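Contents: one structure, followed by commentary.
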2 protein chains.
Amino acid sequence: MPVSMHIWFDMKLTAAQLDGSNMSVRAQHPWPLEDDEEASGLDLTLDEKTELSHFCDVISVGAKGPPIFTQGQHADHVFYVNEGIVQGRHTIRSGVRQSVALYWPGDFFGLARDGMFFNSAEAVIDCTLYRYPIRKLEKFLISRPRIQHKFLMKAVHDIRKTQRQLIIMGALDVARRLAVFLVDCCGHREYFDTGTQHLTIPISRHDIADHIGTSAETVTRAINTLEKKGLIRRETPWKLEIKTSELLAFSSLD
Amino acid sequence: MPVSMHIWFDMKLTAAQLDGSNMSVRAQHPWPLEDDEEASGLDLTLDEKTELSHFCDVISVGAKGPPIFTQGQHADHVFYVNEGIVQGRHTIRSGVRQSVALYWPGDFFGLARDGMFFNSAEAVIDCTLYRYPIRKLEKFLISRPRIQHKFLMKAVHDIRKTQRQLIIMGALDVARRLAVFLVDCCGHREYFDTGTQHLTIPISRHDIADHIGTSAETVTRAINTLEKKGLIRRETPWKLEIKTSELLAFSSLD
DNA sequence: CGGCGGCTTGACCTCTCTCAAGAATAGTGG
DNA sequence: CCACTATTCTTGAGAGAGGTCAAGCCGCCG
């Protein structure tokens, strides 16, 4: 564990280098920035990463295991996704469950209210996460204004991402929501091969359904719809050939 | 204008004092905080407010007028609601319009992406706003880590607020969404009389419909539903008698 | 008092949910 | 390598919530 603690940011750095230009789908600007700033993730320097690594834990979570944390549980950590995908979910009193976000590598999660987690978090595929004690992180950020500013930009970015999800849920039918989801997946090199245009859907129908606010059956039907329109082609249930730009055009989202 | 610039934060302070305990509906905690921290708004000290007032403009916007800004427009300011209600909206290519947030006094708005506003903003009732040049604000925040930290907390709070809206849209039927909206309105003393339990709905059916992701007709029908259940009583189209706690219970949201 | 805009109501129709069964896939042990 | 089983995906049919269109109503303002 101690070893991991010191190398994880380096690992992340390497991963970022491999990703190269393909991070662009998640690359969106928050409040206006200097022109040369990149705003999708935190975009920390190596030194900053090293400083942060001094007080984080590395944890692994399996997809089949128990939730990372549960809504209402005492919250004293914030999590960062290094590898894998985590889904944030909220259960209301009637028992209905709603996904509030899908966290990809580079995202933070662990919002709390009154010292308790506001949502539950579950790994939808196997993950490695970094865990920060919230108190230490806060003190550190106050002592490093420029790093804190990057966190503020990241938070603003997340507001916009959540608003985007709201727009998707409120203004698009299921087929279009699915189209957006698939295009988003194509922004992640781990699952999309730009050469062959083949996407490996990383999560189950049920998890997709949660994410886009529908049922697993309707997800399947929406896949049929997109296939009939010639926007995708199903090779196996999880391997799709994707026409990215047509899909994006169809979704009628920017 | 210069006079206003120097007194606005004082005015706000007075308003906060008048509000007293009734801010509780919007009072929610972001990431875990020191126990004595209040986390609904920015919660700045008088000195901090004075410092900020040095580089803000005061502007008035009428409900019938043009938008405060339009999606895609060049963004170099951030706005703060002093009085009134502003609705953030996003229009997708198909022309469908979706509300992304309702901004009440104390809220900031003006998210941008690639230097352009991500959403449009319209005053749904007459407003007074404070407008900050984004560059100056950023520089100021970096030079004042503790104030920046309050902005970070506010941003995190807004993420949760947006997630909450997402939950409402994804997991609740229209009657319940309306119930949540009405209860939220009751948290604002300007429109709700705690003694008589009378709420004056501040915005039109159409704007409500946008906000909760439905049509104006369905809003009316949902009002009927709630009235039949005895949760509200309609005196005029805009004056309702509200049973707050029953409504909240009905909504099945926390 | 007359007109305009927002609210209300009705009728119809579409999309999506639910329930239920059948197919494909992956995992397991022989 | 082949059954057998658990899981996930797919398809079908029926029901219901809510969208849309169209008309009527009410309060507000000139």
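Letters for chains follow the order of the structure tokens (A, B, ...), residue numbers begin at 1 for each chain, and ligand numbers begin at 1 in the order shown.
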
Mind fitting chain A onto chain B over all Cα atoms in sequence order and sending the result as a compact mmCIF listing (two decimals) with C-alpha atoms, in the first residue's frame?
# COMPACT_ATOMS: atom_id res chain seq x y z
CA MET A 1 -24.85 53.15 -9.65
CA PRO A 2 -21.67 53.83 -7.67
CA VAL A 3 -23.74 54.33 -4.57
CA SER A 4 -25.56 51.09 -5.08
CA MET A 5 -22.25 49.39 -5.57
CA HIS A 6 -21.25 50.24 -2.08
CA ILE A 7 -24.44 49.51 -0.29
CA TRP A 8 -25.66 46.35 -1.88
CA PHE A 9 -23.96 43.95 0.43
CA ASP A 10 -25.40 45.85 3.33
CA MET A 11 -28.82 45.53 1.81
CA LYS A 12 -28.27 41.84 1.38
CA LEU A 13 -27.17 41.61 4.97
CA THR A 14 -30.35 43.25 6.11
CA ALA A 15 -32.42 40.95 4.00
CA ALA A 16 -30.67 37.97 5.52
CA GLN A 17 -31.38 39.22 8.99
CA LEU A 18 -35.04 39.60 8.18
CA ASP A 19 -35.14 36.10 6.77
CA GLY A 20 -33.81 34.74 10.00
CA SER A 21 -34.46 31.08 10.58
CA ASN A 22 -36.54 30.56 7.48
CA MET A 23 -33.65 30.07 5.14
CA SER A 24 -33.57 26.52 6.37
CA VAL A 25 -35.14 24.91 3.33
CA ARG A 26 -32.19 25.92 1.21
CA ALA A 27 -29.80 25.20 4.02
CA GLN A 28 -27.97 22.05 3.08
CA HIS A 29 -24.43 20.98 3.82
CA PRO A 30 -21.86 20.35 1.12
CA TRP A 31 -18.81 18.22 1.78
CA PRO A 32 -18.48 17.75 5.50
CA LEU A 33 -17.92 21.00 7.28
CA GLU A 34 -17.00 22.24 10.69
CA ASP A 35 -20.07 21.86 12.82
CA ASP A 36 -20.67 25.55 13.17
CA GLU A 37 -20.57 26.30 9.51
CA GLU A 38 -23.66 27.25 7.58
CA ALA A 39 -23.48 26.06 4.04
CA SER A 40 -26.48 27.08 2.05
CA GLY A 41 -25.09 30.26 0.61
CA LEU A 42 -21.68 31.80 0.63
CA ASP A 43 -22.00 32.99 4.19
CA LEU A 44 -19.40 35.72 3.85
CA THR A 45 -18.41 38.05 6.62
CA LEU A 46 -19.19 41.73 6.31
CA ASP A 47 -15.56 42.50 5.47
CA GLU A 48 -15.51 39.88 2.76
CA LYS A 49 -18.71 41.26 1.29
CA THR A 50 -17.24 44.74 1.27
CA GLU A 51 -14.14 43.54 -0.53
CA LEU A 52 -16.22 41.80 -3.16
CA SER A 53 -18.47 44.81 -3.62
CA HIS A 54 -15.52 46.77 -4.98
CA PHE A 55 -15.69 45.16 -8.36
CA CYS A 56 -19.32 44.36 -8.96
CA ASP A 57 -22.05 46.12 -10.91
CA VAL A 58 -25.67 46.24 -9.86
CA ILE A 59 -28.19 45.60 -12.59
CA SER A 60 -31.95 45.39 -12.75
CA VAL A 61 -33.77 43.06 -15.10
CA GLY A 62 -37.45 43.03 -15.85
CA ALA A 63 -39.39 39.81 -16.25
CA LYS A 64 -40.77 40.82 -19.62
CA GLY A 65 -37.46 41.98 -21.04
CA PRO A 66 -34.86 40.20 -23.12
CA PRO A 67 -32.76 37.39 -21.63
CA ILE A 68 -29.94 38.37 -19.26
CA PHE A 69 -27.69 36.45 -21.60
CA THR A 70 -28.11 33.85 -24.29
CA GLN A 71 -26.55 30.45 -24.74
CA GLY A 72 -23.43 30.78 -26.87
CA GLN A 73 -22.87 34.43 -26.07
CA HIS A 74 -19.38 35.51 -25.01
CA ALA A 75 -19.10 35.08 -21.25
CA ASP A 76 -17.00 37.37 -19.14
CA HIS A 77 -19.22 37.90 -16.14
CA VAL A 78 -20.75 35.88 -13.38
CA PHE A 79 -24.05 36.91 -11.85
CA TYR A 80 -25.43 36.85 -8.35
CA VAL A 81 -29.12 37.07 -7.55
CA ASN A 82 -29.96 39.69 -4.96
CA GLU A 83 -33.70 39.88 -5.53
CA GLY A 84 -36.01 38.00 -7.85
CA ILE A 85 -35.84 34.66 -9.63
CA VAL A 86 -33.82 33.73 -12.68
CA GLN A 87 -34.26 30.63 -14.76
CA GLY A 88 -31.36 28.99 -16.54
CA ARG A 89 -32.41 27.33 -19.76
CA HIS A 90 -30.73 25.32 -22.45
CA THR A 91 -31.99 24.88 -25.97
CA ILE A 92 -30.92 21.82 -27.92
CA ARG A 93 -30.64 21.56 -31.68
CA SER A 94 -34.16 20.19 -32.09
CA GLY A 95 -35.41 23.40 -30.54
CA VAL A 96 -36.57 21.76 -27.33
CA ARG A 97 -35.97 23.94 -24.30
CA GLN A 98 -35.07 22.60 -20.90
CA SER A 99 -34.68 24.46 -17.64
CA VAL A 100 -31.45 23.59 -15.86
CA ALA A 101 -31.93 25.60 -12.71
CA LEU A 102 -33.97 28.20 -10.90
CA TYR A 103 -31.77 30.78 -9.21
CA TRP A 104 -33.09 32.34 -6.03
CA PRO A 105 -31.55 35.16 -4.01
CA GLY A 106 -28.09 34.12 -2.91
CA ASP A 107 -27.38 31.98 -5.97
CA PHE A 108 -24.74 32.48 -8.61
CA PHE A 109 -25.20 31.76 -12.27
CA GLY A 110 -23.38 32.22 -15.56
CA LEU A 111 -21.60 28.94 -16.27
CA ALA A 112 -19.55 29.03 -19.42
CA ARG A 113 -17.83 26.57 -21.69
CA ASP A 114 -15.08 27.56 -24.07
CA GLY A 115 -15.68 31.15 -23.03
CA MET A 116 -19.33 31.10 -24.02
CA PHE A 117 -22.39 30.84 -21.82
CA PHE A 118 -23.58 27.27 -21.67
CA ASN A 119 -27.19 28.24 -20.97
CA SER A 120 -29.47 31.20 -21.42
CA ALA A 121 -30.74 33.07 -18.38
CA GLU A 122 -34.06 34.84 -18.10
CA ALA A 123 -35.60 36.75 -15.25
CA VAL A 124 -38.92 35.05 -14.54
CA ILE A 125 -39.85 37.93 -12.25
CA ASP A 126 -38.24 41.34 -11.86
CA CYS A 127 -34.73 41.03 -10.47
CA THR A 128 -31.76 42.91 -9.17
CA LEU A 129 -28.47 41.20 -9.86
CA TYR A 130 -24.81 41.76 -9.10
CA ARG A 131 -22.41 41.22 -11.92
CA TYR A 132 -18.74 40.27 -11.46
CA PRO A 133 -16.06 40.36 -14.12
CA ILE A 134 -14.89 36.76 -14.10
CA ARG A 135 -11.18 37.54 -14.45
CA LYS A 136 -11.15 39.91 -11.51
CA LEU A 137 -13.13 37.49 -9.43
CA GLU A 138 -10.71 34.66 -10.17
CA LYS A 139 -7.67 36.75 -9.27
CA PHE A 140 -9.38 37.91 -6.10
CA LEU A 141 -10.27 34.37 -5.06
CA ILE A 142 -6.74 33.10 -5.55
CA SER A 143 -5.53 35.89 -3.32
CA ARG A 144 -8.11 35.03 -0.62
CA PRO A 145 -7.95 31.26 0.00
CA ARG A 146 -10.62 31.22 2.68
CA ILE A 147 -13.09 33.10 0.53
CA GLN A 148 -12.26 30.85 -2.38
CA HIS A 149 -12.97 27.94 -0.12
CA LYS A 150 -16.43 29.32 0.50
CA PHE A 151 -16.95 29.55 -3.22
CA LEU A 152 -15.81 25.94 -3.57
CA MET A 153 -18.33 24.90 -0.93
CA LYS A 154 -21.00 26.85 -2.74
CA ALA A 155 -20.11 25.12 -6.00
CA VAL A 156 -20.28 21.74 -4.33
CA HIS A 157 -23.61 22.73 -2.89
CA ASP A 158 -24.78 23.57 -6.40
CA ILE A 159 -23.66 20.19 -7.68
CA ARG A 160 -25.86 18.60 -5.09
CA LYS A 161 -28.74 20.88 -5.92
CA THR A 162 -28.48 19.92 -9.58
CA GLN A 163 -28.26 16.23 -8.69
CA ARG A 164 -31.38 16.67 -6.61
CA GLN A 165 -33.16 18.12 -9.61
CA LEU A 166 -31.97 15.13 -11.63
CA ILE A 167 -33.45 12.78 -9.06
CA ILE A 168 -36.71 14.71 -9.14
CA MET A 169 -36.88 14.52 -12.91
CA GLY A 170 -35.92 10.89 -13.15
CA ALA A 171 -37.75 9.28 -10.28
CA LEU A 172 -40.89 11.30 -9.62
CA ASP A 173 -44.14 11.70 -11.49
CA VAL A 174 -45.40 15.18 -12.30
CA ALA A 175 -47.60 15.58 -9.25
CA ARG A 176 -44.67 14.77 -6.97
CA ARG A 177 -42.33 17.07 -8.87
CA LEU A 178 -44.82 19.86 -8.44
CA ALA A 179 -45.10 19.05 -4.74
CA VAL A 180 -41.33 19.44 -4.38
CA PHE A 181 -41.41 22.72 -6.25
CA LEU A 182 -44.16 24.09 -4.05
CA VAL A 183 -42.37 23.07 -0.87
CA ASP A 184 -39.21 24.72 -2.19
CA CYS A 185 -41.16 27.90 -2.81
CA CYS A 186 -42.39 27.77 0.77
CA GLY A 187 -38.81 28.13 1.88
CA HIS A 188 -38.82 31.70 0.64
CA ARG A 189 -40.48 34.19 2.95
CA GLU A 190 -41.17 36.62 0.14
CA TYR A 191 -43.77 34.24 -1.22
CA PHE A 192 -44.90 32.17 1.74
CA ASP A 193 -46.66 33.31 4.88
CA THR A 194 -45.87 30.84 7.63
CA GLY A 195 -48.78 32.07 9.71
CA THR A 196 -51.58 31.56 7.20
CA GLN A 197 -49.73 28.86 5.24
CA HIS A 198 -50.47 30.85 2.11
CA LEU A 199 -48.10 30.64 -0.85
CA THR A 200 -48.08 33.10 -3.71
CA ILE A 201 -46.70 31.16 -6.65
CA PRO A 202 -44.13 33.55 -8.06
CA ILE A 203 -43.81 32.19 -11.60
CA SER A 204 -46.13 31.22 -14.44
CA ARG A 205 -47.45 27.76 -15.21
CA HIS A 206 -45.26 27.68 -18.25
CA ASP A 207 -42.12 28.44 -16.27
CA ILE A 208 -43.06 25.85 -13.68
CA ALA A 209 -43.57 23.38 -16.50
CA ASP A 210 -40.11 24.11 -17.86
CA HIS A 211 -38.63 23.72 -14.43
CA ILE A 212 -40.15 20.34 -13.66
CA GLY A 213 -39.93 19.07 -17.22
CA THR A 214 -43.52 18.95 -18.33
CA SER A 215 -46.14 21.10 -20.06
CA ALA A 216 -48.20 23.95 -18.66
CA GLU A 217 -51.39 21.93 -19.06
CA THR A 218 -49.99 19.07 -17.06
CA VAL A 219 -48.97 21.49 -14.31
CA THR A 220 -52.59 22.59 -14.00
CA ARG A 221 -53.75 18.99 -13.88
CA ALA A 222 -51.14 18.20 -11.23
CA ILE A 223 -52.45 21.11 -9.14
CA ASN A 224 -55.89 19.54 -9.43
CA THR A 225 -54.48 16.22 -8.29
CA LEU A 226 -52.85 17.75 -5.23
CA GLU A 227 -55.99 19.70 -4.42
CA LYS A 228 -58.15 16.56 -4.67
CA LYS A 229 -55.76 14.85 -2.26
CA GLY A 230 -56.25 17.75 0.15
CA LEU A 231 -52.59 18.74 0.15
CA ILE A 232 -53.23 22.22 -1.20
CA ARG A 233 -56.20 24.50 -1.68
CA ARG A 234 -56.48 26.95 -4.56
CA GLU A 235 -57.78 30.38 -3.64
CA THR A 236 -56.85 32.12 -6.84
CA PRO A 237 -54.62 30.67 -9.56
CA TRP A 238 -51.56 32.05 -7.72
CA LYS A 239 -52.66 31.93 -4.10
CA LEU A 240 -52.53 28.50 -2.55
CA GLU A 241 -52.98 27.27 0.94
CA ILE A 242 -50.28 24.68 1.51
CA LYS A 243 -49.93 21.77 3.90
CA THR A 244 -46.16 21.80 3.79
CA SER A 245 -45.30 18.66 5.68
CA GLU A 246 -48.00 16.54 4.04
CA LEU A 247 -46.84 17.76 0.65
CA LEU A 248 -43.26 16.89 1.49
CA ALA A 249 -44.31 13.45 2.69
CA PHE A 250 -46.29 12.92 -0.49
CA SER A 251 -43.35 13.85 -2.68
CA SER A 252 -41.40 10.94 -1.18
CA LEU A 253 -38.26 13.06 -1.34
CA ASP A 254 -36.24 13.78 1.79

task: May I ask you to extract the residues of chain D within 12 Å of chain A, using only C-alpha atoms (C1' of nucleotides), and to give them as a list in words?
output: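 The complete set of qualifying residues is DT7, DT8, DC9, DT10, DT11 and DG12 of chain D.
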
Could you dump the residues just selected with N, CA, C and O atoms (P, O5', C5', C4', C3', O3' and C1' of nucleotides) as a PDB file, in the first residue's frame?
ATOM      1  P    DT D   7     -27.350 -15.888 -10.076  1.00  0.00           P
ATOM      2  O5'  DT D   7     -27.159 -14.944 -11.355  1.00  0.00           O
ATOM      3  C5'  DT D   7     -25.863 -14.861 -11.943  1.00  0.00           C
ATOM      4  C4'  DT D   7     -25.953 -14.189 -13.297  1.00  0.00           C
ATOM      5  C3'  DT D   7     -26.830 -12.928 -13.333  1.00  0.00           C
ATOM      6  O3'  DT D   7     -25.994 -11.844 -13.657  1.00  0.00           O
ATOM      7  C1'  DT D   7     -27.233 -14.345 -15.200  1.00  0.00           C
ATOM      8  P    DT D   8     -26.526 -10.338 -13.671  1.00  0.00           P
ATOM      9  O5'  DT D   8     -26.673 -10.027 -15.231  1.00  0.00           O
ATOM     10  C5'  DT D   8     -25.663 -10.452 -16.138  1.00  0.00           C
ATOM     11  C4'  DT D   8     -26.235 -10.419 -17.534  1.00  0.00           C
ATOM     12  C3'  DT D   8     -27.073  -9.170 -17.837  1.00  0.00           C
ATOM     13  O3'  DT D   8     -26.507  -8.534 -18.965  1.00  0.00           O
ATOM     14  C1'  DT D   8     -28.172 -11.128 -18.551  1.00  0.00           C
ATOM     15  P    DC D   9     -27.055  -7.184 -19.578  1.00  0.00           P
ATOM     16  O5'  DC D   9     -27.816  -7.674 -20.881  1.00  0.00           O
ATOM     17  C5'  DC D   9     -27.112  -8.474 -21.819  1.00  0.00           C
ATOM     18  C4'  DC D   9     -28.097  -9.066 -22.798  1.00  0.00           C
ATOM     19  C3'  DC D   9     -28.975  -8.042 -23.515  1.00  0.00           C
ATOM     20  O3'  DC D   9     -28.816  -8.216 -24.914  1.00  0.00           O
ATOM     21  C1'  DC D   9     -30.279  -9.827 -22.664  1.00  0.00           C
ATOM     22  P    DT D  10     -29.522  -7.219 -25.958  1.00  0.00           P
ATOM     23  O5'  DT D  10     -30.890  -7.973 -26.240  1.00  0.00           O
ATOM     24  C5'  DT D  10     -30.870  -9.232 -26.900  1.00  0.00           C
ATOM     25  C4'  DT D  10     -32.290  -9.747 -27.058  1.00  0.00           C
ATOM     26  C3'  DT D  10     -33.267  -8.785 -27.744  1.00  0.00           C
ATOM     27  O3'  DT D  10     -33.686  -9.399 -28.951  1.00  0.00           O
ATOM     28  C1'  DT D  10     -34.242  -9.791 -25.823  1.00  0.00           C
ATOM     29  P    DT D  11     -34.456  -8.611 -30.083  1.00  0.00           P
ATOM     30  O5'  DT D  11     -35.970  -9.026 -29.796  1.00  0.00           O
ATOM     31  C5'  DT D  11     -36.285 -10.396 -29.609  1.00  0.00           C
ATOM     32  C4'  DT D  11     -37.698 -10.542 -29.087  1.00  0.00           C
ATOM     33  C3'  DT D  11     -38.730  -9.551 -29.639  1.00  0.00           C
ATOM     34  O3'  DT D  11     -39.735 -10.290 -30.321  1.00  0.00           O
ATOM     35  C1'  DT D  11     -38.962  -9.812 -27.301  1.00  0.00           C
ATOM     36  P    DG D  12     -40.961  -9.651 -31.069  1.00  0.00           P
ATOM     37  O5'  DG D  12     -42.127  -9.799 -29.992  1.00  0.00           O
ATOM     38  C5'  DG D  12     -42.402 -11.073 -29.424  1.00  0.00           C
ATOM     39  C4'  DG D  12     -43.612 -10.988 -28.507  1.00  0.00           C
ATOM     40  C3'  DG D  12     -44.695  -9.988 -28.951  1.00  0.00           C
ATOM     41  O3'  DG D  12     -45.963 -10.635 -28.863  1.00  0.00           O
ATOM     42  C1'  DG D  12     -44.037  -9.536 -26.725  1.00  0.00           C
TER      43       DG D  12
END

message: What's the separation between C1' of DC25 (chain D) and C1' of DG2 (chain C), in Å to one decimal place?
response: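 So the two atoms, C1' of DC25 (chain D) and C1' of DG2 (chain C), lie 15.3 Å apart.
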
task: Could you give me, as number ranges by chain, each residue of region 9-250 of chain A that DSSP assigns to helix (DSSP H, G or I) when run on this structure's backbone?
output: A: 9-26, 46-53, 134-143, 145-171, 174-186, 205-212, 216-228, 244-250

DSSP strand (DSSP E or B) residues within region 8-237 of chain A, as a VMD selection string: chain A and resid 57 to 61 69 74 77 to 83 86 to 91 97 to 103 108 to 109 112 to 113 116 to 117 120 to 123 127 to 133 192 to 193 198 to 200 232 to 234

message: Can you tell me which residues surround DA15 (chain D) at a distance of at most 12 Å, considering only C-alpha atoms (C1' of nucleotides), apart from same-chain residues fewer than 6 positions away, and format the answer as an MDAnalysis selection string?
response: chainID C and resid 16:19

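For the pair C1' of DG19 (chain D) and C1' of DA20 (chain C), the separation is 28.3 Å.
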
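Proximity of C:DC1, C:DG27, C:DC15, C:DG22 to chain A, computed with only C-alpha atoms (C1' of nucleotides), is greatest for C:DC15.
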
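Relative to C1' of DG14 (chain D), C1' of DA11 (chain C) is found at 21.3 Å.
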
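The chain C residues that come within 10 Å of chain B are C:DG6, C:DC7, C:DT8, C:DT9, with only C-alpha atoms (C1' of nucleotides) taken into account.
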
Only C-alpha atoms (C1' of nucleotides), please: the residues just picked out, written as a short mmCIF file (atom, residue, chain, number, x, y, z; two decimals), in the first residue's frame.
data_model
loop_
_atom_site.label_atom_id
_atom_site.label_comp_id
_atom_site.auth_asym_id
_atom_site.auth_seq_id
_atom_site.Cartn_x
_atom_site.Cartn_y
_atom_site.Cartn_z
"C1'" DG C 6 -52.39 33.02 -19.21
"C1'" DC C 7 -55.01 29.28 -17.14
"C1'" DT C 8 -58.12 25.23 -17.49
"C1'" DT C 9 -60.37 21.36 -19.52
#
